[in-house]
>>> print(open('query_2.txt').read())   # compact mmCIF, C-alpha atoms
# COMPACT_ATOMS: atom_id res chain seq x y z
CA GLU A 14 -27.95 3.92 3.81
CA ALA A 15 -24.63 5.73 3.46
CA GLY A 16 -21.54 3.53 3.49
CA VAL A 17 -18.21 3.96 5.22
CA ALA A 18 -16.54 7.17 4.09
CA GLN A 19 -12.79 7.67 3.89
CA SER A 20 -10.55 10.50 2.84
CA PRO A 21 -8.31 11.21 1.15
CA ARG A 22 -8.55 8.52 -1.51
CA TYR A 23 -4.93 8.88 -2.57
CA LYS A 24 -1.85 10.31 -0.91
CA ILE A 25 1.76 10.56 -2.01
CA ILE A 26 4.36 11.64 0.52
CA GLU A 27 8.09 11.40 1.03
CA LYS A 28 9.60 9.22 3.72
CA ARG A 29 9.83 10.82 7.14
CA GLN A 30 6.79 12.99 6.41
CA SER A 31 3.53 12.70 8.34
CA VAL A 32 0.13 11.73 7.01
CA ALA A 33 -3.37 11.38 8.42
CA PHE A 34 -6.39 9.46 7.21
CA TRP A 35 -10.00 10.03 8.16
CA CYS A 36 -12.90 7.58 8.43
CA ASN A 37 -16.62 8.01 9.08
CA PRO A 38 -18.35 4.68 9.77
CA ILE A 39 -21.91 3.68 9.00
CA SER A 40 -24.32 5.40 11.36
CA GLY A 41 -24.99 3.30 14.45
CA HIS A 42 -21.98 1.03 14.02
CA ALA A 43 -20.17 0.88 17.33
CA THR A 44 -17.14 -1.04 16.10
CA LEU A 45 -14.55 0.55 13.84
CA TYR A 46 -11.48 -1.09 12.35
CA TRP A 47 -8.39 0.17 10.58
CA TYR A 48 -6.61 -2.28 8.29
CA GLN A 49 -3.42 -2.08 6.27
CA GLN A 50 -3.42 -3.96 2.98
CA ILE A 51 -0.10 -4.33 1.22
CA LEU A 52 -0.24 -5.25 -2.47
CA GLY A 53 -0.83 -8.96 -2.93
CA GLN A 54 -1.75 -9.59 0.71
CA GLY A 55 -4.95 -9.73 2.71
CA PRO A 56 -5.91 -6.86 5.00
CA LYS A 57 -4.07 -6.82 8.33
CA LEU A 58 -5.84 -5.37 11.35
CA LEU A 59 -4.05 -2.37 12.85
CA ILE A 60 -6.55 -1.28 15.47
CA GLN A 61 -10.12 -1.99 16.54
CA PHE A 62 -12.35 0.43 18.44
CA GLN A 63 -15.55 -0.29 20.32
CA ASN A 64 -17.24 3.10 20.60
CA ASN A 65 -14.31 5.32 21.65
CA GLY A 66 -12.32 2.60 23.43
CA VAL A 67 -9.52 0.50 21.94
CA VAL A 68 -10.29 -3.23 21.81
CA ASP A 69 -7.16 -4.41 20.03
CA ASP A 70 -4.08 -2.52 18.88
CA SER A 71 -1.59 -5.37 19.17
CA GLN A 72 -0.45 -5.05 15.54
CA LEU A 73 -0.25 -1.28 15.45
CA PRO A 74 3.39 -0.05 15.16
CA LYS A 75 2.99 2.38 18.02
CA ASP A 76 6.34 4.06 17.49
CA ARG A 77 4.97 5.68 14.34
CA PHE A 78 1.25 4.94 14.06
CA SER A 79 -1.51 6.42 16.18
CA ALA A 80 -5.29 6.38 15.95
CA GLU A 81 -8.14 7.95 17.80
CA ARG A 82 -11.91 7.90 17.87
CA LEU A 83 -12.65 10.64 20.34
CA LYS A 84 -16.43 10.85 20.17
CA GLY A 85 -17.08 7.24 19.25
CA VAL A 86 -18.01 8.10 15.68
CA ASP A 87 -15.37 9.13 13.14
CA SER A 88 -11.73 8.21 13.47
CA THR A 89 -8.29 9.33 12.32
CA LEU A 90 -5.20 7.23 11.70
CA LYS A 91 -1.83 8.98 11.64
CA ILE A 92 1.62 7.90 10.55
CA GLN A 93 4.58 9.94 11.78
CA PRO A 94 7.19 9.59 10.36
CA ALA A 95 6.34 7.49 7.33
CA LYS A 96 8.63 4.77 5.97
CA LEU A 97 8.80 3.28 2.50
CA GLU A 98 7.24 0.05 3.76
CA ASP A 99 4.11 1.95 4.84
CA SER A 100 3.05 2.15 1.18
CA ALA A 101 -0.27 0.32 1.18
CA VAL A 102 -4.01 0.77 1.11
CA TYR A 103 -5.47 1.77 4.46
CA LEU A 104 -8.98 0.43 4.84
CA CYS A 105 -11.50 1.49 7.40
CA ALA A 106 -14.41 -0.81 8.23
CA SER A 107 -17.30 -0.74 10.65
CA SER A 108 -19.69 -3.29 12.05
CA PHE A 109 -22.77 -3.44 14.24
CA LYS A 110 -22.10 -5.57 17.28
CA GLY A 111 -24.20 -8.69 17.01
CA LEU A 112 -24.09 -12.46 17.14
CA ILE A 113 -22.63 -12.70 13.68
CA GLU A 114 -20.58 -9.67 12.85
CA THR A 115 -20.02 -8.55 9.34
CA GLN A 116 -17.87 -5.68 8.37
CA TYR A 117 -18.53 -3.00 5.83
CA PHE A 118 -15.46 -1.47 4.26
CA GLY A 119 -14.79 2.00 3.00
CA PRO A 120 -13.08 2.56 -0.36
CA GLY A 121 -9.66 2.90 1.28
CA THR A 122 -6.83 5.40 1.12
CA ARG A 123 -4.00 4.46 -1.20
CA LEU A 124 -0.70 5.68 0.27
CA LEU A 125 2.57 5.85 -1.61
CA VAL A 126 5.71 6.73 0.33
CA LEU A 127 8.64 7.80 -1.86
CA ARG B 19 2.14 -21.30 10.89
CA LYS B 20 -0.01 -18.41 9.72
CA GLU B 21 -3.40 -18.06 11.37
CA VAL B 22 -5.33 -18.24 8.08
CA GLU B 23 -3.86 -19.77 4.94
CA GLN B 24 -5.06 -19.85 1.36
CA ASP B 25 -3.62 -20.93 -1.96
CA PRO B 26 -2.86 -17.58 -3.65
CA GLY B 27 -3.54 -18.97 -7.13
CA PRO B 28 -4.16 -17.63 -9.66
CA PHE B 29 -6.87 -20.03 -10.67
CA ASN B 30 -7.53 -19.59 -14.38
CA VAL B 31 -10.75 -21.32 -15.40
CA PRO B 32 -13.00 -21.16 -18.47
CA GLU B 33 -16.49 -19.75 -18.29
CA GLY B 34 -18.97 -22.31 -17.05
CA ALA B 35 -16.39 -24.25 -15.04
CA THR B 36 -16.73 -25.24 -11.41
CA VAL B 37 -13.93 -24.08 -9.14
CA ALA B 38 -13.26 -24.67 -5.46
CA PHE B 39 -11.08 -22.82 -2.97
CA ASN B 40 -9.94 -24.03 0.42
CA CYS B 41 -8.85 -22.08 3.44
CA THR B 42 -7.27 -23.46 6.61
CA TYR B 43 -7.18 -21.81 10.02
CA SER B 44 -5.01 -22.57 13.02
CA ASN B 45 -7.10 -21.32 15.97
CA SER B 46 -9.50 -24.06 17.02
CA ALA B 47 -11.46 -21.51 19.07
CA SER B 48 -12.51 -19.62 15.93
CA GLN B 49 -16.25 -19.22 15.80
CA SER B 50 -17.28 -17.17 12.76
CA PHE B 51 -16.19 -17.65 9.21
CA PHE B 52 -16.75 -15.62 6.10
CA TRP B 53 -15.81 -15.35 2.46
CA TYR B 54 -15.19 -11.86 1.13
CA ARG B 55 -14.70 -10.86 -2.46
CA GLN B 56 -12.28 -8.13 -3.49
CA ASP B 57 -12.19 -6.74 -6.99
CA CYS B 58 -9.00 -5.17 -8.29
CA ARG B 59 -8.33 -1.83 -6.57
CA LYS B 60 -11.60 -2.02 -4.63
CA GLU B 61 -12.52 -2.69 -1.03
CA PRO B 62 -13.45 -6.18 0.21
CA LYS B 63 -17.16 -6.99 0.24
CA LEU B 64 -18.93 -9.79 2.07
CA LEU B 65 -19.76 -12.68 -0.23
CA MET B 66 -21.23 -15.02 2.32
CA SER B 67 -21.02 -16.20 5.89
CA VAL B 68 -20.10 -19.84 6.46
CA TYR B 69 -22.30 -21.88 8.77
CA SER B 70 -21.57 -25.21 10.39
CA SER B 71 -24.26 -26.88 8.33
CA GLY B 72 -22.96 -25.41 5.11
CA ASN B 73 -24.82 -22.87 3.08
CA GLU B 74 -25.61 -22.06 -0.51
CA ASP B 75 -26.35 -18.83 -2.28
CA GLY B 76 -27.12 -19.31 -5.94
CA ARG B 77 -23.98 -20.60 -7.63
CA PHE B 78 -21.91 -20.29 -4.45
CA THR B 79 -21.63 -22.98 -1.77
CA ALA B 80 -19.63 -22.62 1.44
CA GLN B 81 -18.67 -25.47 3.74
CA LEU B 82 -17.05 -25.58 7.16
CA ASN B 83 -15.11 -28.53 8.56
CA ARG B 84 -14.32 -27.78 12.18
CA ALA B 85 -12.54 -31.07 12.82
CA SER B 86 -10.02 -30.38 10.06
CA GLN B 87 -10.18 -26.60 10.51
CA TYR B 88 -10.87 -25.67 6.95
CA ILE B 89 -13.44 -23.74 5.00
CA SER B 90 -14.27 -24.17 1.36
CA LEU B 91 -15.97 -22.12 -1.33
CA LEU B 92 -17.40 -23.72 -4.45
CA ILE B 93 -18.39 -21.66 -7.45
CA ARG B 94 -20.49 -23.38 -10.10
CA ASP B 95 -21.03 -22.21 -13.68
CA SER B 96 -18.32 -19.54 -13.42
CA LYS B 97 -19.02 -16.14 -14.99
CA LEU B 98 -16.52 -13.60 -16.25
CA SER B 99 -17.77 -11.31 -13.48
CA ASP B 100 -16.60 -13.82 -10.85
CA SER B 101 -13.00 -12.81 -11.58
CA ALA B 102 -11.72 -11.37 -8.31
CA THR B 103 -9.71 -12.22 -5.22
CA TYR B 104 -11.54 -14.32 -2.66
CA LEU B 105 -10.57 -13.67 0.96
CA CYS B 106 -11.19 -16.15 3.73
CA VAL B 107 -11.94 -14.47 7.07
CA VAL B 108 -11.97 -16.00 10.53
CA ASN B 109 -13.26 -14.42 13.71
CA ASN B 110 -13.32 -15.37 17.38
CA TYR B 111 -16.53 -13.99 18.79
CA GLY B 112 -15.81 -10.60 20.28
CA GLN B 113 -12.27 -10.57 18.94
CA ASN B 114 -10.75 -9.32 15.74
CA PHE B 115 -11.18 -10.59 12.21
CA VAL B 116 -8.20 -12.33 10.62
CA PHE B 117 -7.98 -12.29 6.85
CA GLY B 118 -6.23 -14.82 4.69
CA PRO B 119 -3.98 -13.64 1.87
CA GLY B 120 -6.67 -14.29 -0.72
CA THR B 121 -7.03 -16.55 -3.74
CA ARG B 122 -7.09 -14.91 -7.13
CA LEU B 123 -9.59 -16.20 -9.68
CA SER B 124 -9.59 -15.37 -13.37
CA VAL B 125 -12.53 -16.63 -15.42
CA LEU B 126 -11.58 -16.74 -19.09
CA PRO B 127 -13.92 -16.41 -22.07
>>> encode(input="query_2.txt", output="structure tokens")
Amino acid sequence: EAGVAQSPRYKIIEKRQSVAFWCNPISGHATLYWYQQILGQGPKLLIQFQNNGVVDDSQLPKDRFSAERLKGVDSTLKIQPAKLEDSAVYLCASSFKGLIETQYFGPGTRLLVL
Amino acid sequence: RKEVEQDPGPFNVPEGATVAFNCTYSNSASQSFFWYRQDCRKEPKLLMSVYSSGNEDGRFTAQLNRASQYISLLIRDSKLSDSATYLCVVNNYGQNFVFGPGTRLSVLP
């Protein structure tokens, strides 16, 4: 079974530039998550989708971050404009809705904002 | 108070040692609990779920204490390959997962 795919794996941009990340979840997984993990911290949920609907985006900085999952499968996360403090690993995860949910993570996109 | 708290460590233990990590959570409505393992510069991977009755998987034992709102992970006979960051994760059924900051373990030869 293929895992969660993410691209790009690495990205270096200057502050105030825009960047987009892509995620393709495991086939059949209805729930998709985007996390931000800053060095030395645990992952922080940015947004959670159930199919193509948003379940939780309470921690998404909506003035600069946006995400979509138009067809309920793959998803994009965008930052515009980027700030220095956005330097982090952006992890995508998916899960199959069930009684006990477990998440499967992609390899992440490592973003450096200069 | 943070929703999920862990001692960041690092815990430096010799091979063969037994080591235990604790994790506390603040939301008494939390229903699902997990331990994830994250190797350096890698994504988190599920280590084990934590059940009310406690559960064991080889050298790993997880316990849940709902009254005190903490979860523990015990690793027996530590191996060099156990060196990683261990993330405590709490979930309210149907809601989002909340990760702790992680506890770093280094097993020394």
>>> closest_atom_pairs(input="query_2.txt", of="chain A", to="chain B", cutoff="8 Å", atoms="only C-alpha atoms", output="CSV")
residue,atom,partner,partner_atom,distance
A:Gly53,CA,B:Pro119,CA,7.4
A:Gln54,CA,B:Pro119,CA,4.8
A:Gly55,CA,B:Pro119,CA,4.1
A:Pro56,CA,B:Phe117,CA,6.1
A:Lys57,CA,B:Phe117,CA,6.9
A:Leu58,CA,B:Val116,CA,7.4
A:Gln61,CA,B:Asn114,CA,7.4
A:Asp69,CA,B:Asn114,CA,7.4
A:Leu104,CA,B:Glu61,CA,7.5
A:Leu112,CA,B:Tyr111,CA,7.9
A:Ile113,CA,B:Ser50,CA,7.0
A:Thr115,CA,B:Leu64,CA,7.5
A:Gln116,CA,B:Leu64,CA,7.6
A:Tyr117,CA,B:Lys63,CA,7.0
A:Phe118,CA,B:Glu61,CA,6.2
A:Gly119,CA,B:Glu61,CA,6.6
A:Pro120,CA,B:Glu61,CA,5.3
A:Gly121,CA,B:Glu61,CA,6.7
>>> atom_distance(input="query_2.txt", atom1="CA of Ser31 (chain A)", atom2="CA of Ala43 (chain A)")
28.0 Å
>>> residues_around(input="query_2.txt", residues="Ser90 (chain B)", least_positions_apart="5", cutoff="9 Å", atoms="all atoms listed in the file", output="tab-separated table (two decimals) with C-alpha atoms, keeping the file's coordinate frame")
chain	number	residue	atom	x	y	z
B	38	ALA	CA	-13.26	-24.67	-5.46
B	39	PHE	CA	-11.08	-22.82	-2.97
B	40	ASN	CA	-9.94	-24.03	0.42
B	41	CYS	CA	-8.85	-22.08	3.44
B	42	THR	CA	-7.27	-23.46	6.61
B	68	VAL	CA	-20.10	-19.84	6.46
B	79	THR	CA	-21.63	-22.98	-1.77
B	80	ALA	CA	-19.63	-22.62	1.44
B	81	GLN	CA	-18.67	-25.47	3.74
B	82	LEU	CA	-17.05	-25.58	7.16
B	83	ASN	CA	-15.11	-28.53	8.56
B	106	CYS	CA	-11.19	-16.15	3.73
>>> atom_distance(input="query_2.txt", atom1="CA of Leu127 (chain A)", atom2="CA of Cys58 (chain B)")
22.8 Å
>>> closest_residue(input="query_2.txt", among="A:Leu52, A:Ile26, A:Val68, A:Leu45", to="Ile92 (chain A)", atoms="only C-alpha atoms")
A:Ile26
>>> atom_distance(input="query_2.txt", atom1="CA of Leu98 (chain B)", atom2="CA of Gly34 (chain B)")
9.1 Å
>>> closest_residue(input="query_2.txt", among="A:Gly66, A:Gly85, A:Pro74, A:Pro94", to="Asn37 (chain A)", atoms="all atoms listed in the file")
A:Gly85
>>> closest_residue(input="query_2.txt", among="B:Ala47, B:Leu91, B:Val22, B:Leu126", to="Ala35 (chain B)", atoms="only C-alpha atoms")
B:Leu126
